[in-house]
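Structure data (CSV, C-alpha atoms) from final32.csv:
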chain,number,residue,atom,x,y,z
E,1,MET,CA,0.0,0.0,0.0
E,2,TYR,CA,1.8,3.1,-1.3
E,3,GLN,CA,0.0,5.4,1.2
E,4,ARG,CA,1.7,3.5,4.1
E,5,ILE,CA,5.0,2.2,2.8
E,6,GLY,CA,5.9,4.1,-0.4
E,7,SER,CA,8.0,2.9,-3.2
E,8,ALA,CA,7.8,-0.9,-2.3
E,9,ALA,CA,4.1,-0.7,-3.3
E,10,TYR,CA,4.7,1.1,-6.6
E,11,ARG,CA,3.9,-0.7,-9.9
E,12,SER,CA,5.6,0.6,-13.1
E,13,ASP,CA,3.2,-0.8,-15.7
E,14,LEU,CA,-0.5,-1.4,-16.4
E,15,ASN,CA,-0.4,-5.1,-16.9
E,16,ASN,CA,-2.0,-6.0,-13.5
E,17,THR,CA,-4.8,-3.4,-14.1
E,18,ILE,CA,-5.4,-4.7,-17.6
E,19,GLN,CA,-5.8,-8.2,-16.2
E,20,LEU,CA,-8.0,-7.0,-13.4
E,21,LEU,CA,-10.4,-5.1,-15.6
E,22,GLU,CA,-10.6,-8.1,-17.9
E,23,LEU,CA,-11.6,-10.2,-14.9
E,24,LEU,CA,-14.3,-7.6,-14.0
E,25,ASN,CA,-15.6,-7.5,-17.6
E,26,GLN,CA,-14.3,-4.1,-18.5
E,27,PRO,CA,-16.5,-2.0,-16.1
E,28,HIS,CA,-14.6,1.2,-17.1
E,29,ASN,CA,-16.2,1.1,-20.5
E,30,LEU,CA,-19.8,1.2,-19.0
E,31,PHE,CA,-19.8,4.9,-17.8
E,32,ARG,CA,-18.6,8.2,-19.0
E,33,SER,CA,-15.7,9.8,-17.2
E,34,ILE,CA,-13.4,12.8,-16.7
E,35,HIS,CA,-9.7,12.2,-15.9
E,36,VAL,CA,-7.8,14.5,-13.6
E,37,ALA,CA,-4.0,14.6,-13.1
E,38,GLY,CA,-1.5,17.1,-11.8
E,39,THR,CA,1.0,17.7,-9.1
E,40,ASN,CA,-1.3,19.9,-7.0
E,41,GLY,CA,-5.0,20.8,-7.2
E,42,LYS,CA,-6.3,17.6,-8.8
E,43,GLY,CA,-8.3,16.7,-5.7
E,44,SER,CA,-9.9,20.2,-5.5
E,45,VAL,CA,-10.8,20.2,-9.2
E,46,SER,CA,-12.2,16.7,-9.0
E,47,HIS,CA,-14.4,17.6,-6.1
E,48,MET,CA,-15.6,20.8,-7.7
E,49,LEU,CA,-16.6,19.0,-10.9
E,50,ALA,CA,-18.4,16.2,-8.9
E,51,SER,CA,-20.3,18.7,-6.9
E,52,VAL,CA,-21.5,20.8,-9.9
E,53,LEU,CA,-22.5,17.6,-11.8
E,54,GLN,CA,-24.4,16.4,-8.8
E,55,GLU,CA,-26.2,19.7,-8.5
E,56,ALA,CA,-27.1,19.4,-12.2
E,57,GLY,CA,-29.0,16.2,-11.4
E,58,TYR,CA,-26.5,13.6,-12.6
E,59,LYS,CA,-25.6,10.5,-10.7
E,60,THR,CA,-21.9,11.3,-10.2
E,61,GLY,CA,-19.1,8.9,-9.2
E,62,LEU,CA,-15.9,10.3,-7.6
E,63,TYR,CA,-12.7,8.4,-7.3
E,64,THR,CA,-9.8,10.1,-5.3
E,65,SER,CA,-6.8,9.2,-3.2
E,66,PRO,CA,-5.4,9.1,-0.6
E,67,HIS,CA,-8.1,9.0,2.0
E,68,LEU,CA,-7.8,10.9,5.3
E,69,LYS,CA,-9.9,8.9,7.8
E,70,ASP,CA,-11.7,6.1,6.0
E,71,PHE,CA,-10.8,4.0,3.0
E,72,ARG,CA,-14.3,4.4,1.6
E,73,GLU,CA,-13.7,8.2,1.1
E,74,ARG,CA,-11.9,7.2,-2.1
E,75,ILE,CA,-15.1,5.9,-3.8
E,76,ARG,CA,-18.2,8.0,-3.7
E,77,ILE,CA,-21.5,8.4,-5.6
E,78,ASN,CA,-23.2,11.8,-5.1
E,79,GLY,CA,-21.1,12.3,-2.1
E,80,GLU,CA,-22.0,9.0,-0.4
E,81,MET,CA,-19.1,6.7,0.4
E,82,ILE,CA,-19.3,3.1,-0.9
E,83,SER,CA,-20.8,1.0,1.8
E,84,PRO,CA,-18.8,-1.5,3.9
E,85,GLU,CA,-21.1,-4.2,2.5
E,86,ASN,CA,-20.1,-3.3,-1.1
E,87,VAL,CA,-16.4,-3.3,-0.2
E,88,VAL,CA,-16.7,-6.7,1.4
E,89,ARG,CA,-18.8,-8.2,-1.4
E,90,PHE,CA,-16.4,-7.1,-4.0
E,91,ILE,CA,-13.5,-8.8,-2.3
E,92,GLU,CA,-15.4,-11.9,-1.4
E,93,LYS,CA,-16.6,-12.3,-5.0
E,94,ASN,CA,-13.1,-12.0,-6.5
E,95,TYR,CA,-11.0,-13.3,-3.6
E,96,ASP,CA,-9.7,-16.5,-5.3
E,97,ALA,CA,-8.7,-14.6,-8.4
E,98,PHE,CA,-7.0,-11.8,-6.5
E,99,GLU,CA,-5.0,-14.3,-4.5
E,100,THR,CA,-3.2,-15.3,-7.8
E,101,MET,CA,-2.8,-11.8,-9.3
E,102,ASP,CA,-0.4,-10.0,-6.9
E,103,LEU,CA,-2.4,-6.8,-7.1
E,104,SER,CA,-1.3,-3.6,-5.3
E,105,PHE,CA,-3.7,-1.9,-2.9
E,106,PHE,CA,-4.1,0.9,-5.5
E,107,GLU,CA,-4.8,-1.5,-8.4
E,108,MET,CA,-7.4,-3.3,-6.4
E,109,THR,CA,-9.0,-0.1,-5.3
E,110,VAL,CA,-9.2,1.2,-8.9
E,111,GLY,CA,-10.9,-2.0,-9.9
E,112,MET,CA,-13.3,-1.7,-7.0
E,113,ALA,CA,-14.2,1.8,-8.0
E,114,PHE,CA,-14.8,1.1,-11.6
E,115,ASP,CA,-16.8,-2.0,-10.8
E,116,TYR,CA,-19.0,-0.1,-8.3
E,117,PHE,CA,-19.6,2.9,-10.7
E,118,ALA,CA,-20.6,0.5,-13.5
E,119,GLU,CA,-22.9,-1.6,-11.2
E,120,GLN,CA,-24.5,1.6,-9.9
E,121,LYS,CA,-25.0,3.0,-13.4
E,122,VAL,CA,-23.5,6.4,-12.8
E,123,ASP,CA,-24.0,9.0,-15.4
E,124,ILE,CA,-20.4,10.1,-15.1
E,125,ALA,CA,-17.4,9.5,-12.9
E,126,ILE,CA,-14.6,11.9,-12.0
E,127,ILE,CA,-11.4,9.9,-11.8
E,128,GLU,CA,-8.4,11.3,-10.1
E,129,THR,CA,-5.0,9.8,-10.9
E,130,GLY,CA,-2.9,8.4,-8.0
E,131,MET,CA,0.5,9.4,-9.3
E,132,GLY,CA,1.7,10.6,-12.7
E,133,GLY,CA,-0.7,9.5,-15.4
E,134,ARG,CA,0.9,7.4,-18.2
E,135,LEU,CA,1.3,4.3,-16.0
E,136,ASP,CA,-1.3,5.1,-13.4
E,137,SER,CA,-3.9,2.4,-12.9
E,138,THR,CA,-6.7,4.8,-13.7
E,139,ASN,CA,-5.3,5.4,-17.2
E,140,LEU,CA,-7.4,2.8,-18.9
E,141,ILE,CA,-10.5,4.9,-19.1
E,142,ASP,CA,-11.4,6.8,-22.3
E,143,PRO,CA,-12.6,10.1,-20.8
E,144,LEU,CA,-14.7,12.9,-22.3
E,145,VAL,CA,-11.9,15.3,-21.3
E,146,SER,CA,-8.5,14.9,-19.7
E,147,ILE,CA,-7.4,17.6,-17.2
E,148,ILE,CA,-3.9,18.3,-16.0
E,149,THR,CA,-3.9,21.0,-13.3
E,150,ASN,CA,-0.1,21.8,-13.1
E,151,ILE,CA,3.4,20.4,-12.9
E,152,GLY,CA,5.7,20.5,-9.9
E,153,PHE,CA,8.4,18.4,-8.2
E,154,ASP,CA,6.8,15.4,-6.5
E,155,HIS,CA,7.4,11.7,-6.7
E,156,THR,CA,10.6,12.4,-8.6
E,157,GLN,CA,11.9,8.9,-7.9
E,158,PHE,CA,9.2,7.6,-10.2
E,159,LEU,CA,8.2,10.4,-12.5
E,160,GLY,CA,11.6,12.0,-13.3
E,161,ASP,CA,13.9,14.7,-11.9
E,162,THR,CA,12.9,17.5,-14.3
E,163,LEU,CA,9.6,19.3,-14.9
E,164,SER,CA,9.7,18.1,-18.5
E,165,LYS,CA,10.0,14.4,-17.5
E,166,ILE,CA,7.2,14.8,-14.9
E,167,ALA,CA,5.0,16.6,-17.5
E,168,PHE,CA,5.6,13.7,-20.0
E,169,GLU,CA,4.2,11.3,-17.4
E,170,LYS,CA,1.2,13.4,-16.6
E,171,ALA,CA,0.6,14.0,-20.4
E,172,GLY,CA,0.1,10.2,-20.6
E,173,ILE,CA,-3.6,10.7,-19.8
E,174,ILE,CA,-4.2,12.7,-23.0
E,175,LYS,CA,-6.3,10.4,-25.2
E,176,LYS,CA,-6.6,10.3,-29.0
E,177,SER,CA,-8.9,13.0,-30.4
E,178,LYS,CA,-10.2,13.9,-26.9
E,179,GLN,CA,-10.1,17.4,-25.3
E,180,VAL,CA,-7.3,18.1,-22.9
E,181,ILE,CA,-7.4,21.1,-20.5
E,182,ILE,CA,-4.2,22.4,-18.9
E,183,GLY,CA,-5.0,24.3,-15.8
E,184,GLU,CA,-1.8,26.4,-15.3
E,185,THR,CA,0.4,27.5,-18.2
E,186,GLN,CA,4.0,26.9,-17.3
E,187,LEU,CA,6.5,27.8,-20.0
E,188,GLU,CA,8.9,25.0,-19.0
E,189,VAL,CA,6.5,22.3,-19.9
E,190,LYS,CA,4.0,23.9,-22.3
E,191,ASP,CA,5.7,22.3,-25.3
E,192,VAL,CA,5.4,18.8,-23.8
E,193,PHE,CA,1.7,19.1,-23.7
E,194,LEU,CA,1.4,20.7,-27.2
E,195,GLN,CA,3.5,18.0,-28.7
E,196,LYS,CA,1.5,15.2,-27.1
E,197,ALA,CA,-1.8,16.8,-28.1
E,198,GLU,CA,-0.5,17.1,-31.7
E,199,LYS,CA,0.6,13.5,-31.7
E,200,THR,CA,-2.8,12.3,-30.5
E,201,GLY,CA,-4.9,14.8,-32.5
E,202,SER,CA,-6.3,16.1,-29.3
E,203,PRO,CA,-7.8,19.7,-29.0
E,204,ILE,CA,-5.9,21.4,-26.2
E,205,LEU,CA,-6.9,24.4,-24.0
E,206,PHE,CA,-4.8,26.3,-21.5
E,207,ALA,CA,-7.5,27.3,-19.1
E,208,ASP,CA,-5.7,30.4,-17.8
E,209,TYR,CA,-5.5,31.8,-21.4
E,210,VAL,CA,-9.3,31.9,-21.6
E,211,PHE,CA,-10.6,32.1,-18.1
E,212,ASP,CA,-9.7,34.3,-15.1
E,213,ALA,CA,-11.0,34.6,-11.5
E,214,ASN,CA,-10.8,37.9,-9.7
E,215,LYS,CA,-11.2,37.6,-6.0
E,216,ILE,CA,-13.7,40.2,-4.6
E,217,GLN,CA,-14.4,41.2,-1.0
E,218,ASN,CA,-17.4,39.6,0.7
E,219,ALA,CA,-18.9,39.7,4.2
E,220,ASN,CA,-18.8,36.0,4.9
E,221,PRO,CA,-15.5,34.8,6.3
E,222,GLN,CA,-16.5,31.1,5.6
E,223,VAL,CA,-16.2,31.5,1.8
E,224,GLN,CA,-14.2,33.1,-1.0
E,225,CYS,CA,-15.9,35.0,-3.7
E,226,PHE,CA,-14.8,35.4,-7.3
E,227,ASP,CA,-15.9,37.1,-10.5
E,228,ILE,CA,-15.2,34.7,-13.3
E,229,TRP,CA,-14.1,36.1,-16.7
E,230,LYS,CA,-13.9,34.4,-20.1
E,231,ASN,CA,-12.0,36.1,-22.9
E,232,SER,CA,-12.1,39.4,-21.0
E,233,ASN,CA,-15.9,39.2,-20.6
E,234,GLN,CA,-17.6,38.6,-17.3
E,235,TYR,CA,-18.8,35.0,-17.3
E,236,ILE,CA,-20.1,34.4,-13.7
E,237,GLU,CA,-20.5,37.1,-11.2
E,238,GLU,CA,-19.8,36.7,-7.5
E,239,LEU,CA,-19.2,32.9,-7.4
E,240,GLU,CA,-18.8,31.7,-3.8
E,241,ILE,CA,-16.8,28.7,-2.7
E,242,PRO,CA,-16.2,27.4,0.8
E,243,LEU,CA,-12.5,26.6,0.2
E,244,LEU,CA,-10.3,29.3,1.7
E,245,GLY,CA,-6.9,28.6,0.2
E,246,THR,CA,-5.6,31.4,-2.1
E,247,TYR,CA,-4.4,28.6,-4.4
E,248,GLN,CA,-8.0,27.7,-5.1
E,249,LYS,CA,-8.2,30.5,-7.7
E,250,LYS,CA,-6.2,28.3,-10.1
E,251,ASN,CA,-8.4,25.3,-9.4
E,252,ILE,CA,-11.6,27.3,-10.0
E,253,ILE,CA,-10.3,28.4,-13.4
E,254,THR,CA,-9.5,24.8,-14.3
E,255,ALA,CA,-12.8,23.5,-13.1
E,256,ILE,CA,-14.8,26.2,-14.9
E,257,ALA,CA,-12.9,25.5,-18.2
E,258,ALA,CA,-13.8,21.8,-17.9
E,259,ILE,CA,-17.4,22.5,-17.1
E,260,ALA,CA,-17.6,24.8,-20.2
E,261,HIS,CA,-16.4,21.8,-22.3
E,262,ILE,CA,-18.7,19.2,-20.9
E,263,GLN,CA,-21.7,21.4,-21.3
E,264,ALA,CA,-21.7,19.9,-24.8
E,265,TYR,CA,-22.6,16.5,-23.1
E,266,PHE,CA,-24.5,17.5,-20.0
E,267,GLU,CA,-27.1,20.2,-19.3
E,268,ILE,CA,-25.3,22.4,-16.7
E,269,SER,CA,-26.7,25.8,-15.9
E,270,GLU,CA,-25.1,28.8,-14.2
E,271,LYS,CA,-27.3,28.0,-11.2
E,272,ASN,CA,-25.9,24.4,-11.1
E,273,ILE,CA,-22.4,25.9,-11.1
E,274,ARG,CA,-23.2,28.3,-8.3
E,275,ASP,CA,-25.0,25.7,-6.2
E,276,GLY,CA,-22.3,23.1,-6.8
E,277,MET,CA,-19.4,25.3,-5.8
E,278,GLU,CA,-21.3,26.7,-2.8
E,279,ALA,CA,-22.2,23.2,-1.6
E,280,LEU,CA,-18.9,21.6,-2.4
E,281,ILE,CA,-18.0,20.4,1.1
E,282,ARG,CA,-21.6,19.3,1.9
E,283,ASN,CA,-21.9,17.5,-1.4
E,284,THR,CA,-18.6,15.7,-1.4
E,285,GLY,CA,-17.2,15.6,2.1
E,286,PHE,CA,-14.0,17.4,0.9
E,287,SER,CA,-11.7,18.3,3.7
E,288,GLY,CA,-8.1,19.1,4.6
E,289,ARG,CA,-7.6,22.1,2.3
E,290,TRP,CA,-7.0,25.3,4.3
E,291,GLN,CA,-9.5,23.9,6.8
E,292,ILE,CA,-10.3,26.0,9.8
E,293,LEU,CA,-10.3,23.7,12.9
E,294,SER,CA,-10.8,26.4,15.5
E,295,ARG,CA,-11.1,30.2,15.7
E,296,ASN,CA,-9.7,30.8,19.2
E,297,PRO,CA,-6.9,30.6,18.6
E,298,LEU,CA,-7.2,30.4,14.8
E,299,THR,CA,-6.2,26.9,13.8
E,300,ILE,CA,-5.8,25.8,10.2
E,301,ALA,CA,-4.8,22.5,8.6
E,302,ASP,CA,-3.8,22.0,5.0
E,303,THR,CA,-2.6,18.8,3.2
E,304,GLY,CA,0.0,20.6,1.0
E,305,HIS,CA,2.9,18.2,1.0
E,306,ASN,CA,5.4,19.1,-1.7
E,307,VAL,CA,7.5,22.1,-2.6
E,308,ASP,CA,4.9,23.9,-4.6
E,309,GLY,CA,2.1,23.1,-2.2
E,310,LEU,CA,4.1,24.4,0.8
E,311,ARG,CA,5.1,27.5,-1.2
E,312,GLU,CA,1.4,28.4,-1.6
E,313,ILE,CA,0.8,27.8,2.1
E,314,VAL,CA,3.7,30.0,3.1
E,315,PHE,CA,2.5,32.7,0.8
E,316,GLN,CA,-1.0,32.7,2.3
E,317,LEU,CA,0.5,32.7,5.9
E,318,ARG,CA,2.4,35.9,5.0
E,319,LEU,CA,-0.9,37.6,4.1
E,320,MET,CA,-2.4,36.9,7.5
E,321,GLN,CA,-2.2,38.9,10.7
E,322,PHE,CA,-1.4,37.1,13.9
E,323,ASN,CA,1.0,37.5,16.9
E,324,HIS,CA,2.9,34.3,16.7
E,325,LEU,CA,2.9,31.2,14.5
E,326,HIS,CA,2.8,27.7,16.0
E,327,PHE,CA,3.5,25.1,13.3
E,328,VAL,CA,2.7,21.4,13.9
E,329,LEU,CA,4.9,19.7,11.3
E,330,GLY,CA,5.4,16.2,10.1
E,331,MET,CA,6.6,14.9,6.7
E,332,VAL,CA,7.1,11.6,4.9
E,333,GLY,CA,10.6,10.5,4.2
E,334,ASP,CA,10.5,10.2,0.5
E,335,LYS,CA,9.8,13.9,-0.2
E,336,ALA,CA,12.2,16.7,-0.9
E,337,ILE,CA,12.5,17.5,2.8
E,338,ASP,CA,15.4,20.0,2.7
E,339,ALA,CA,13.8,22.0,-0.1
E,340,MET,CA,10.4,22.1,1.7
E,341,LEU,CA,12.0,23.1,5.1
E,342,GLN,CA,13.8,26.0,3.4
E,343,LEU,CA,10.5,27.5,2.5
E,344,LEU,CA,9.2,27.6,6.1
E,345,PRO,CA,9.1,30.8,8.2
E,346,ARG,CA,12.0,31.1,10.7
E,347,HIS,CA,10.0,33.2,13.2
E,348,ALA,CA,7.7,30.4,14.3
E,349,THR,CA,7.6,27.7,17.0
E,350,TYR,CA,7.6,24.2,15.5
E,351,TYR,CA,6.1,21.0,17.0
E,352,PHE,CA,7.8,18.2,15.2
E,353,CYS,CA,5.9,14.9,14.9
E,354,LYS,CA,5.5,11.7,13.0
E,355,ALA,CA,2.3,10.5,11.4
E,356,ASP,CA,1.4,6.9,12.3
E,357,ILE,CA,2.5,5.3,9.0
E,358,PRO,CA,5.9,3.6,8.1
E,359,ARG,CA,6.6,6.2,5.4
E,360,ALA,CA,6.7,9.1,7.9
E,361,MET,CA,10.1,10.6,8.8
E,362,PRO,CA,10.9,10.1,12.5
E,363,ALA,CA,10.2,13.4,14.3
E,364,ASP,CA,13.8,13.6,15.8
E,365,GLN,CA,15.3,13.3,12.3
E,366,LEU,CA,12.9,15.9,10.9
E,367,ALA,CA,13.8,18.2,13.8
E,368,ALA,CA,17.5,17.8,13.2
E,369,LYS,CA,17.2,18.8,9.6
E,370,ALA,CA,15.0,21.7,10.6
E,371,PHE,CA,17.5,22.9,13.2
E,372,GLU,CA,20.2,23.1,10.6
E,373,LEU,CA,18.0,25.6,8.7
E,374,GLY,CA,17.2,27.7,11.7
E,375,LEU,CA,13.8,26.3,12.5
E,376,ARG,CA,13.2,25.9,16.3
E,377,GLY,CA,10.9,23.8,18.3
E,378,ASN,CA,10.4,20.5,20.2
E,379,VAL,CA,9.9,16.9,19.2
E,380,TYR,CA,6.7,15.1,20.2
E,381,SER,CA,5.8,11.4,20.3
E,382,SER,CA,2.7,11.7,18.2
E,383,VAL,CA,0.7,14.1,16.0
E,384,ARG,CA,-1.9,14.5,18.7
E,385,ASP,CA,0.7,15.3,21.4
E,386,ALA,CA,2.2,18.0,19.1
E,387,TYR,CA,-1.2,19.3,18.2
E,388,PHE,CA,-2.5,19.6,21.8
E,389,SER,CA,0.8,21.1,22.9
E,390,ALA,CA,0.4,23.8,20.3
E,391,ILE,CA,-3.1,24.5,21.5
E,392,ASN,CA,-2.0,24.7,25.1
E,393,ALA,CA,0.9,27.1,24.2
E,394,ALA,CA,-0.9,29.4,21.8
E,395,ARG,CA,-2.6,32.6,22.9
E,396,SER,CA,-5.9,33.8,21.4
E,397,GLU,CA,-4.1,36.2,19.0
E,398,ASP,CA,-1.7,33.5,17.7
E,399,LEU,CA,-2.1,31.2,14.7
E,400,ILE,CA,-1.7,27.4,14.8
E,401,PHE,CA,-1.0,25.7,11.5
E,402,VAL,CA,-1.0,21.9,11.0
E,403,GLY,CA,0.6,20.4,7.9
E,404,GLY,CA,3.6,19.1,5.9
E,405,SER,CA,1.9,15.9,5.1
E,406,THR,CA,-1.6,14.6,4.2
E,407,PHE,CA,-1.2,12.0,7.0
E,408,VAL,CA,-0.4,14.6,9.7
E,409,VAL,CA,-3.6,16.4,8.8
E,410,ALA,CA,-5.6,13.2,8.7
E,411,GLU,CA,-4.9,12.7,12.4
E,412,VAL,CA,-6.4,16.1,13.5
E,413,VAL,CA,-9.3,16.9,11.2

Translate this structure into structure tokens?
Amino acid sequence: MYQRIGSAAYRSDLNNTIQLLELLNQPHNLFRSIHVAGTNGKGSVSHMLASVLQEAGYKTGLYTSPHLKDFRERIRINGEMISPENVVRFIEKNYDAFETMDLSFFEMTVGMAFDYFAEQKVDIAIIETGMGGRLDSTNLIDPLVSIITNIGFDHTQFLGDTLSKIAFEKAGIIKKSKQVIIGETQLEVKDVFLQKAEKTGSPILFADYVFDANKIQNANPQVQCFDIWKNSNQYIEELEIPLLGTYQKKNIITAIAAIAHIQAYFEISEKNIRDGMEALIRNTGFSGRWQILSRNPLTIADTGHNVDGLREIVFQLRLMQFNHLHFVLGMVGDKAIDAMLQLLPRHATYYFCKADIPRAMPADQLAAKAFELGLRGNVYSSVRDAYFSAINAARSEDLIFVGGSTFVVAEVV
């Protein structure tokens, strides 16, 4: 299971998944889909699309990873997690075959999701890649549109050590003659996508060339509000979304561009878009993205766990007003730890901890690396100990931030 142990669970080809889907009678061919890849933002975009389609009246499947609390978070229809009974039935039905197939946790889960969506006759499923794209187990679907949110350095041991190599892997989800939408134009990798789209005869749209989102002031601190523009003309006025990260602006643009494309296949009104964005958390159970856990003192958790993700977090922290920052920090050992630590603010108190998974870096090792870079704090035996120590130490005008790893956030939200 990659979520727990990392590289030992990684599979570098699609052979197992091909065999699995043959066993299951090709369920992925029985429903329409949208495929979403990218270094950051793919979860947010996937949940936005699912919520809007649900509000438009369509039975909508959503496959995402990793989960925070419950395995069943990965497989949802109209926001409802797959039932324990359905999980057990799927395994029991295929147990003997699975015993001979040497499937990874992720491969088996993808098969379960596709089988469930086909059985439940969803109108459409939003499918988020696990890692990369070209060799990802999800990459056997033939989607209406492929979406690549952005390219950054993550999983470099598998995807490559340059942005171009990583982009090549993500571009693997581009399908012949099917629309591809690139969320964020990055000059270093733009040609990678253009070349792949030309090779596959796929129409390509760079979302931020066509759409823009201007944040506007609003009275409700629980939401962000944006005016959406298309080709310099106002497209949607005062669109509210309950996700508070500044980085969501990029994700909204990407999602709106995708919705504009799939309106050729589904009836989606402006009201559906508004209602879907507004009810995103209620409709999908989305959590862990700039999530406010408490307001006294203000306590925020965010799952950003790579260089680009942390850069966005630090940028937003700099925009905020508070007396002192208390940072509950844990990381997994296979990330670019030094590069991530270099981004973090020096004038903060750190609470170093280790999430309860084998991949996590021991808290004392993380603290030693942090100390070399001028970050100061104490080591704690668990995420919960670190979290409650920060709560006890912080004053009402301080800010507590919990992050560095999806798995640290999972233990406090």

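CA of Phe90 in chain E lies 23.7 Å from CA of Asp13 in chain E.
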
What are the nearest atom pairs, with distances in Å to one decimal, for all residues of range 35-56 of chain E that come at most 12 Å from range 160-168 of chain E, using only C-alpha atoms, set out by chain and rising residue number as a tab-separated table?
residue	atom	partner	partner_atom	distance
E:Ala37	CA	E:Ala167	CA	10.2
E:Gly38	CA	E:Ala167	CA	8.7
E:Thr39	CA	E:Ile166	CA	9.0

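Computed from the coordinates, the CA of Asn306 in chain E to CA of Leu373 in chain E distance equals 17.6 Å.
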
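Those residues that approach range 232-236 of chain E to within 12 Å, counting all atoms listed in the file, are Asp208, Tyr209, Val210, Phe211, Asp212, Ala213, Asn214, Cys225, Phe226, Ile252, Ile253, Ile256, Ala257, Ala260, Ser269, Glu270, Lys271, Asn272, Ile273 and Arg274 of chain E; same-chain residues fewer than 6 positions away are not listed.
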
task: Write out as number ranges by chain each polymer residue whose atoms come within 9 Å of Ala390 in chain E, counting all atoms listed in the file; drop sequence neighbours fewer than 2 positions from it.
output: E: 326-328, 349-351, 385-388, 392-394, 400

task: Would you mind telling me which residue in E:Leu329, E:Glu92, E:Lys121, E:Ile18 lies nearest to Glu107 in chain E when using all atoms listed in the file?
output: E:Ile18

Residues around (-16.9, 36.1, -1.9), cut-off 12 Å, counting all atoms listed in the file - what are they as a CSV table (one decimal) with C-alpha atoms, in the coordinates of the input?
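Written output follows (part12.csv):
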chain,number,residue,atom,x,y,z
E,213,ALA,CA,-11.0,34.6,-11.5
E,214,ASN,CA,-10.8,37.9,-9.7
E,215,LYS,CA,-11.2,37.6,-6.0
E,216,ILE,CA,-13.7,40.2,-4.6
E,217,GLN,CA,-14.4,41.2,-1.0
E,218,ASN,CA,-17.4,39.6,0.7
E,219,ALA,CA,-18.9,39.7,4.2
E,220,ASN,CA,-18.8,36.0,4.9
E,221,PRO,CA,-15.5,34.8,6.3
E,222,GLN,CA,-16.5,31.1,5.6
E,223,VAL,CA,-16.2,31.5,1.8
E,224,GLN,CA,-14.2,33.1,-1.0
E,225,CYS,CA,-15.9,35.0,-3.7
E,226,PHE,CA,-14.8,35.4,-7.3
E,227,ASP,CA,-15.9,37.1,-10.5
E,228,ILE,CA,-15.2,34.7,-13.3
E,237,GLU,CA,-20.5,37.1,-11.2
E,238,GLU,CA,-19.8,36.7,-7.5
E,239,LEU,CA,-19.2,32.9,-7.4
E,240,GLU,CA,-18.8,31.7,-3.8
E,241,ILE,CA,-16.8,28.7,-2.7
E,242,PRO,CA,-16.2,27.4,0.8
E,243,LEU,CA,-12.5,26.6,0.2
E,244,LEU,CA,-10.3,29.3,1.7
E,249,LYS,CA,-8.2,30.5,-7.7
E,274,ARG,CA,-23.2,28.3,-8.3
E,277,MET,CA,-19.4,25.3,-5.8
E,278,GLU,CA,-21.3,26.7,-2.8

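One distance worth recording is that between CA of Arg74 in chain E and CA of Lys170 in chain E, which is 20.5 Å.
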
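Minimum distance to Val412 in chain E across E:Glu99, E:Asp398, E:Asp302, E:Glu312 (counting all atoms listed in the file) occurs at E:Asp302.
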
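When all atoms listed in the file are used to compute distances to Glu372 in chain E, the closest of the residues E:Asp356, E:Asp338, E:Asp123, E:Asp102 turns out to be E:Asp338.
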
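All protein, DNA and RNA residues at most 9 Å from (-18.5, 10.0, -14.1) are Phe31, Arg32, Ser33, Ile34, Ala50, Leu53, Tyr58, Lys59, Thr60, Gly61, Leu62, Phe117, Val122, Asp123, Ile124, Ala125, Ile126, Ile127 and Pro143 of chain E, using only C-alpha atoms.
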
Could you write those residues out with C-alpha atoms, as a compact mmCIF listing (two decimals), keeping the file's coordinate frame?
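Generated file (part.txt):
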# COMPACT_ATOMS: atom_id res chain seq x y z
CA PHE E 31 -19.80 4.90 -17.80
CA ARG E 32 -18.60 8.20 -19.00
CA SER E 33 -15.70 9.80 -17.20
CA ILE E 34 -13.40 12.80 -16.70
CA ALA E 50 -18.40 16.20 -8.90
CA LEU E 53 -22.50 17.60 -11.80
CA TYR E 58 -26.50 13.60 -12.60
CA LYS E 59 -25.60 10.50 -10.70
CA THR E 60 -21.90 11.30 -10.20
CA GLY E 61 -19.10 8.90 -9.20
CA LEU E 62 -15.90 10.30 -7.60
CA PHE E 117 -19.60 2.90 -10.70
CA VAL E 122 -23.50 6.40 -12.80
CA ASP E 123 -24.00 9.00 -15.40
CA ILE E 124 -20.40 10.10 -15.10
CA ALA E 125 -17.40 9.50 -12.90
CA ILE E 126 -14.60 11.90 -12.00
CA ILE E 127 -11.40 9.90 -11.80
CA PRO E 143 -12.60 10.10 -20.80

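Of the residues listed (E:Gly403, E:Gly43, E:Pro358, E:Gly288), E:Gly403 shows the shortest atom-to-atom separation from Leu344 in chain E; distances use only C-alpha atoms.
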
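Distance check against Glu397 in chain E using all atoms listed in the file: of E:Phe371, E:Phe352, E:Tyr380, E:Phe322, the minimum falls on E:Phe322.
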
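With all atoms listed in the file as the basis for measurement, E:Glu184 is the residue among E:Glu119, E:Glu198, E:Glu267, E:Glu184 that approaches Ala255 in chain E most closely.
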
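The neighbours of Gly41 in chain E here are the residues that come within 8 Å of it, using all atoms listed in the file and leaving out any residue fewer than 5 positions away in the same chain; they are E:Thr149, E:Asn150, E:Gln248, E:Asn251.
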